[in-house]
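Single-structure report; data block below.
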Amino acid sequence: MDPGNLADNHATGDPTCDPMSSDPAPCDPTGGLICSGPACSPTTGPDPVLFLQGLQAQWPSKDMQQLQKAAWQTFAALDDPLAGLLDMLEASPADRKPCASLQAWVVCELQHWLHAQPVNPGPTQGSPHLRELQTRAAEVLTRSPASLTEPLISIFQLQDADRRLLLDHISHLHDKGKFKEAVLLSVKLKLQPELDIEKMSVPLLLQNKMNLVERYVEDFPDLQRRLLVLMDSWCQPGFNLRDVTRKFPQMTSVRQDLLRPKLVCRQVLRLLERYNMDSALCPNVINQQRLGTLRYLCYKRFVERTLSQENWADHVQDLVGQSEWLQSQLLQLLTSHCSVAVTAQCAQDLSLPEGLLPAAVATELSRLREREPQPGGKPTEPRGKHRSHYYQPPITREDIYFLATWEDVTRHEPEILQPGAVVGVDLEWKPLFQGAARPSPSLVQLALEGRVLLLDLHSLSQPPGGQGEQALWQLLSRLFSDPSITKLGYGLEGDLRSLGAVCPALADADKAVRGVLDLQLVHQRMRADTGSPCKGSARAPRGLSLLVQQVLGQPLDKTQQLSNWDLRPLREQQLIYAATDAYCLLEVYRALCRDPARFRLSENLAKSLGARGSMRSGVQRPSGQPEALAPPPQVGVPAAVDKKTAPKVLARDFRVVCDNMLQGLARGLRCLGVDVRVLGTGDDHRRAAEVARQEGRIILTSGLPYHKLRAQVGPGRCLQVDCSLKAREQVQVVLKHFNVFVTLSDVFSRCQVCNCDQYLKVSQDMMRHLMQQNGHHEGPSGTGESSTQHQLVQPPGPALHPAPRDSVYDRPCRWLEASDLETTTPATLGNGTRLQLGSVPMGVLRRPGQWPFYCCTGCGKVFWEGSHLSRVTAQFQEVLGLPPLTL
């Protein structure tokens, strides 16, 4: 370019003008960075528009040092840098690249330059010139990318500009369908109180952008209340989402699947807790929550039949109250579960309005009233097992003492604290069907030889902070810290945390407790070693009831488990149930001492059961104490602890509960033999804490609930998993964090579908017979398969696939026999599990040799040997400490 024509090109706007040329112009002593001439005179300063054009020409070179030097010198030469910036932005289209990125760079550079000046070169606050610039800046914002929003607000002090101007701009963004940009700008300018909460939040809710809505109302309690009321209105019966979407025709997509009433209710309940709002603000959500609890109670009462009529009525009356809608919903549940007679009896006991009753129920209710009332008459009980079918403690009712005063406790204190005594410990509390707060214990049961003491915490802790309450907690503290007294429990760690929540002396129970034996840990070892059958129905015994059945021959009667333990006086059935739950611990303990080998426990069990354990996390097992009765393994080793010094945890002893976002991790852990429970799609994350407390599991979570869950289960019992990692990497992180030891025998020791660890071997002849019997005949696809085929294409789901005949996979399970199958239903096990034969290719049956099949007794999935084992061992080579198998 001819330097002599530079000024003329500037003046005419010739696109060939290159003010950023590396050849210094004669008119510019700075080397061509600032031009002079008709458009760049010493009087008016450089032309901002032409300067931006020059920057645009040099922008592809990305010589940022030179560009920054030119920009800063131009800013310093401008009489009004802020007006010059607006000139640049107004003259250049921001919807095309590289203009948008160049504009953003220029705006940020001006912001940095302003901060570097000792004196603010801009107009004074409140001056007419600043107001004029703010008007122009607001107009520029309407067509600028989001990256310019924050720096322009800062440069032109838009937070102090005319509010009407800013509100018009936000309304303009909203009308164009830029809902996210409108909300973010209103948050930056603190304009939320002046905007319509429904107009601003509904489009984001319909697009599943709840995080932006929460950010929008974060600092405004009134907006939080209005948001909750709005969302609650979406949970009312008969609500139609289309009525809302019609108000926003500019919306292009709506996530209707995420706006189901159940999911909206869950969000509202979470926000009520987060904002600490009164639940009365959201009556529709509370009614939906109570309806869910009613369904659960009716299922427990009329399907499982594990809830007594009295307990069911107590809970239902508290839930329904005077709500006509809940009363009508209850009647629908009753008519679907019960006969007309039972429904009428329940309606009479609960005083349900006659106007809501169906005609048949109303007629039956009239007949009931005409009959002679039976003394103490109660609704007809669903038929259940006779009490002789359940465990009965070898004590009488007179051996059960209800201690409601401090004088009662003082009288029994010497026998409670007797050195060398063995005490069964259990707690009862009112069940929490709603919310995730830790339950407050109502009753402490202490079982001694020949008697049970029931400590009424409600009466003994009155008045709060009084001498009686302090003496009570001191007694319990002395009991749990005395190593000479053996305390027996089942899931005792969770019970102690519940006590610690109301008893300051037991707040650090995991550090202070001595001489405890948690039979839940013993039960886990028994189930792993003896191969206890999977639970086949909802009414099958679980937990302590299952242990009592396995050791003493009969399960516990759990019909009083869900009692309202806060009501006084307690019923006789409740007192007997509470005493039985504690006394059975003593009898189980004695049976294990007498014959540990029968339950495949340690040979030294009889001698070592008396060893005094500790609840302190990470304390080594006392000398001579068997592995089966060790304190809980230190599965929650903090990151700061050296993993080399932490005790190893066997894969079969590692028990976790995963949230529903970690399905891949769950399958990977089950593949390596870990006992994994997975929350259902509709389960609240708080369910994980409940499961962890009840079953002694570690929580694996991937989201924001981590901190709340960790607080509920204690340190080291909850791990946040990085969702950006692949499932295989997540498995390795979890196993390394908890120092879990995996062997080849653990691989595929559990069903990846249902988590069951019990299999049956099925011979080829038996499998062929079952498939033919169930109509799975060989078709055209099977006739053409090679008889020597070993590498099989496996169906979806897990598989037990070691290919060689001397494969390392050989489950210690028995062969399926004809006697194991139901005679009336083909291919159905005795526990009701139907074998899934449809996924077995007929060609597999023609492989040479007697290759066995395996069937899961929990879900009926059928597995066979293939090539999957080698792939898994190769995938987890580092975890197993072995090279991949060679097939």
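How things are named: the first chain in the structure tokens is A, the next is B, and so on; residues count from 1 in each chain; ligands count from 1 in the order shown.
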Legend entry - Selection: 9 Å around A:Leu152, only C-alpha atoms, excl. self and same-chain fewer than 4 positions, as an NGL selection string: :A and (107-108 or 111 or 137-138 or 141 or 148 or 156-158)
Legend entry - Closest of A:Glu109, A:Asp675, A:Glu865, A:Asp79 to A:Arg750 - atom-to-atom distances counting only C-alpha atoms: A:Asp675
Inset, instruction - Skip stretch 239-250 of chain A itself and residues of its chain fewer than 6 positions away, then list as a ChimeraX atom specification all residues within 10 Å of it, counting only C-alpha atoms. - result: /A:174-179,199,202-203,206,233,256,259-261
Store the residues picked out above in a file with N, CA, C and O atoms, as an mmCIF file, in the first residue's frame.
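Done, and the output landed in out_30.cif:
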```
data_model
loop_
_atom_site.group_PDB
_atom_site.id
_atom_site.type_symbol
_atom_site.label_atom_id
_atom_site.label_comp_id
_atom_site.auth_asym_id
_atom_site.auth_seq_id
_atom_site.Cartn_x
_atom_site.Cartn_y
_atom_site.Cartn_z
ATOM 1 N N HIS A 174 -37.556 -11.682 26.030
ATOM 2 C CA HIS A 174 -38.538 -12.724 26.330
ATOM 3 C C HIS A 174 -39.466 -12.951 25.142
ATOM 4 O O HIS A 174 -39.781 -14.097 24.792
ATOM 5 N N ASP A 175 -39.915 -11.866 24.509
ATOM 6 C CA ASP A 175 -40.822 -11.994 23.367
ATOM 7 C C ASP A 175 -40.155 -12.695 22.191
ATOM 8 O O ASP A 175 -40.826 -13.333 21.377
ATOM 9 N N LYS A 176 -38.833 -12.577 22.081
ATOM 10 C CA LYS A 176 -38.095 -13.242 21.011
ATOM 11 C C LYS A 176 -37.805 -14.710 21.334
ATOM 12 O O LYS A 176 -37.171 -15.411 20.541
ATOM 13 N N GLY A 177 -38.242 -15.167 22.512
ATOM 14 C CA GLY A 177 -38.007 -16.554 22.906
ATOM 15 C C GLY A 177 -36.667 -16.786 23.553
ATOM 16 O O GLY A 177 -36.274 -17.939 23.775
ATOM 17 N N LYS A 178 -35.957 -15.715 23.896
ATOM 18 C CA LYS A 178 -34.663 -15.852 24.569
ATOM 19 C C LYS A 178 -34.895 -15.821 26.082
ATOM 20 O O LYS A 178 -34.521 -14.883 26.780
ATOM 21 N N PHE A 179 -35.527 -16.890 26.564
ATOM 22 C CA PHE A 179 -35.927 -16.921 27.972
ATOM 23 C C PHE A 179 -34.715 -16.989 28.899
ATOM 24 O O PHE A 179 -34.683 -16.325 29.944
ATOM 25 N N LYS A 199 -44.336 -15.356 34.263
ATOM 26 C CA LYS A 199 -43.857 -15.139 32.905
ATOM 27 C C LYS A 199 -42.398 -15.526 32.759
ATOM 28 O O LYS A 199 -42.002 -16.118 31.743
ATOM 29 N N VAL A 202 -41.967 -19.908 34.077
ATOM 30 C CA VAL A 202 -42.672 -21.030 33.457
ATOM 31 C C VAL A 202 -41.952 -21.560 32.222
ATOM 32 O O VAL A 202 -41.790 -22.784 32.070
ATOM 33 N N PRO A 203 -41.493 -20.699 31.281
ATOM 34 C CA PRO A 203 -40.784 -21.275 30.120
ATOM 35 C C PRO A 203 -39.564 -22.095 30.505
ATOM 36 O O PRO A 203 -39.265 -23.113 29.879
ATOM 37 N N LEU A 206 -40.744 -25.445 31.850
ATOM 38 C CA LEU A 206 -41.193 -26.315 30.775
ATOM 39 C C LEU A 206 -40.035 -26.890 29.974
ATOM 40 O O LEU A 206 -40.195 -27.896 29.277
ATOM 41 N N SER A 233 -49.846 -25.343 42.137
ATOM 42 C CA SER A 233 -51.077 -25.344 41.343
ATOM 43 C C SER A 233 -51.004 -26.365 40.216
ATOM 44 O O SER A 233 -52.034 -26.815 39.717
ATOM 45 N N GLN A 256 -42.513 -32.399 28.580
ATOM 46 C CA GLN A 256 -43.703 -32.790 29.321
ATOM 47 C C GLN A 256 -43.454 -34.021 30.184
ATOM 48 O O GLN A 256 -44.122 -34.214 31.204
ATOM 49 N N LEU A 259 -42.627 -33.098 33.697
ATOM 50 C CA LEU A 259 -43.574 -32.255 34.418
ATOM 51 C C LEU A 259 -44.770 -33.057 34.897
ATOM 52 O O LEU A 259 -45.848 -32.519 35.070
ATOM 53 N N ARG A 260 -44.571 -34.345 35.099
ATOM 54 C CA ARG A 260 -45.620 -35.151 35.697
ATOM 55 C C ARG A 260 -45.832 -34.715 37.143
ATOM 56 O O ARG A 260 -44.884 -34.271 37.806
ATOM 57 N N PRO A 261 -47.055 -34.822 37.648
ATOM 58 C CA PRO A 261 -47.318 -34.339 39.019
ATOM 59 C C PRO A 261 -46.379 -34.928 40.060
ATOM 60 O O PRO A 261 -45.963 -34.232 40.984
#
```
Could you give me, as a short mmCIF file (atom, residue, chain, number, x, y, z; two decimals) with N, CA, C and O atoms, in the first residue's frame, the residues within 12 Å of A:Gln332, counting only C-alpha atoms and dropping anything in the same chain fewer than 2 positions from it?
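Final file, part_0.cif:
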```
data_model
loop_
_atom_site.label_atom_id
_atom_site.label_comp_id
_atom_site.auth_asym_id
_atom_site.auth_seq_id
_atom_site.Cartn_x
_atom_site.Cartn_y
_atom_site.Cartn_z
N LEU A 291 -51.38 -38.93 49.79
CA LEU A 291 -52.01 -39.98 49.00
C LEU A 291 -51.02 -41.12 48.74
O LEU A 291 -51.38 -42.30 48.82
N LEU A 294 -50.89 -43.10 51.83
CA LEU A 294 -52.09 -43.92 51.97
C LEU A 294 -51.98 -45.19 51.12
O LEU A 294 -52.35 -46.29 51.57
N ARG A 295 -51.48 -45.05 49.91
CA ARG A 295 -51.32 -46.23 49.05
C ARG A 295 -50.36 -47.23 49.70
O ARG A 295 -50.59 -48.44 49.68
N CYS A 298 -52.09 -48.94 52.69
CA CYS A 298 -53.08 -49.94 52.26
C CYS A 298 -52.39 -51.18 51.70
O CYS A 298 -52.87 -52.30 51.89
N TRP A 325 -61.06 -34.56 49.84
CA TRP A 325 -60.41 -35.19 48.70
C TRP A 325 -59.66 -36.44 49.12
O TRP A 325 -59.74 -37.49 48.48
N LEU A 326 -58.91 -36.37 50.24
CA LEU A 326 -58.19 -37.54 50.73
C LEU A 326 -59.16 -38.63 51.20
O LEU A 326 -58.89 -39.82 51.04
N GLN A 327 -60.28 -38.22 51.77
CA GLN A 327 -61.27 -39.20 52.19
C GLN A 327 -61.81 -39.98 50.98
O GLN A 327 -61.97 -41.21 51.03
N SER A 328 -62.09 -39.26 49.89
CA SER A 328 -62.58 -39.95 48.70
C SER A 328 -61.52 -40.86 48.09
O SER A 328 -61.82 -41.95 47.61
N GLN A 329 -60.25 -40.42 48.12
CA GLN A 329 -59.17 -41.25 47.62
C GLN A 329 -58.99 -42.50 48.47
O GLN A 329 -58.73 -43.60 47.96
N LEU A 330 -59.15 -42.34 49.79
CA LEU A 330 -59.05 -43.50 50.69
C LEU A 330 -60.14 -44.51 50.38
O LEU A 330 -59.90 -45.73 50.36
N LEU A 334 -59.76 -48.42 49.43
CA LEU A 334 -60.39 -49.49 50.20
C LEU A 334 -61.23 -50.40 49.30
O LEU A 334 -61.18 -51.63 49.43
N THR A 335 -62.00 -49.80 48.40
CA THR A 335 -62.85 -50.62 47.53
C THR A 335 -62.02 -51.47 46.56
O THR A 335 -62.48 -52.52 46.11
N SER A 336 -60.80 -51.01 46.23
CA SER A 336 -59.95 -51.80 45.33
C SER A 336 -59.24 -52.93 46.06
O SER A 336 -58.84 -53.91 45.43
N HIS A 337 -59.06 -52.80 47.38
CA HIS A 337 -58.32 -53.81 48.14
C HIS A 337 -59.23 -54.73 48.97
O HIS A 337 -58.83 -55.86 49.27
N CYS A 338 -60.41 -54.25 49.36
CA CYS A 338 -61.19 -54.97 50.38
C CYS A 338 -62.59 -55.29 49.86
O CYS A 338 -63.06 -54.76 48.86
N SER A 339 -63.25 -56.13 50.61
CA SER A 339 -64.65 -56.44 50.34
C SER A 339 -65.51 -55.28 50.79
O SER A 339 -65.07 -54.36 51.49
N VAL A 340 -66.78 -55.31 50.42
CA VAL A 340 -67.70 -54.25 50.81
C VAL A 340 -67.85 -54.20 52.33
O VAL A 340 -67.90 -53.12 52.94
N THR A 343 -64.75 -52.60 53.86
CA THR A 343 -64.75 -51.17 53.54
C THR A 343 -65.74 -50.43 54.42
O THR A 343 -65.45 -49.33 54.93
N ALA A 347 -64.89 -47.52 57.10
CA ALA A 347 -65.55 -46.21 57.01
C ALA A 347 -66.20 -45.82 58.33
O ALA A 347 -66.19 -44.65 58.73
N LEU A 356 -69.93 -39.58 50.78
CA LEU A 356 -68.87 -40.02 49.87
C LEU A 356 -68.91 -41.52 49.61
O LEU A 356 -68.23 -41.99 48.69
N LEU A 357 -69.70 -42.25 50.39
CA LEU A 357 -69.66 -43.71 50.29
C LEU A 357 -70.39 -44.20 49.05
O LEU A 357 -71.46 -43.69 48.70
N PRO A 358 -69.83 -45.20 48.36
CA PRO A 358 -70.59 -45.85 47.28
C PRO A 358 -71.86 -46.47 47.84
O PRO A 358 -71.97 -46.77 49.04
N VAL A 361 -71.51 -49.74 49.77
CA VAL A 361 -70.85 -49.56 51.07
C VAL A 361 -71.79 -48.88 52.06
O VAL A 361 -71.85 -49.24 53.25
#
```
Legend entry - Interatomic distance, atom CA of A:Gln573 to atom CA of A:Ala404 (Å, one decimal):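 Atom-to-atom, atom CA of A:Gln573 to atom CA of A:Ala404, that is 17.9 Å.
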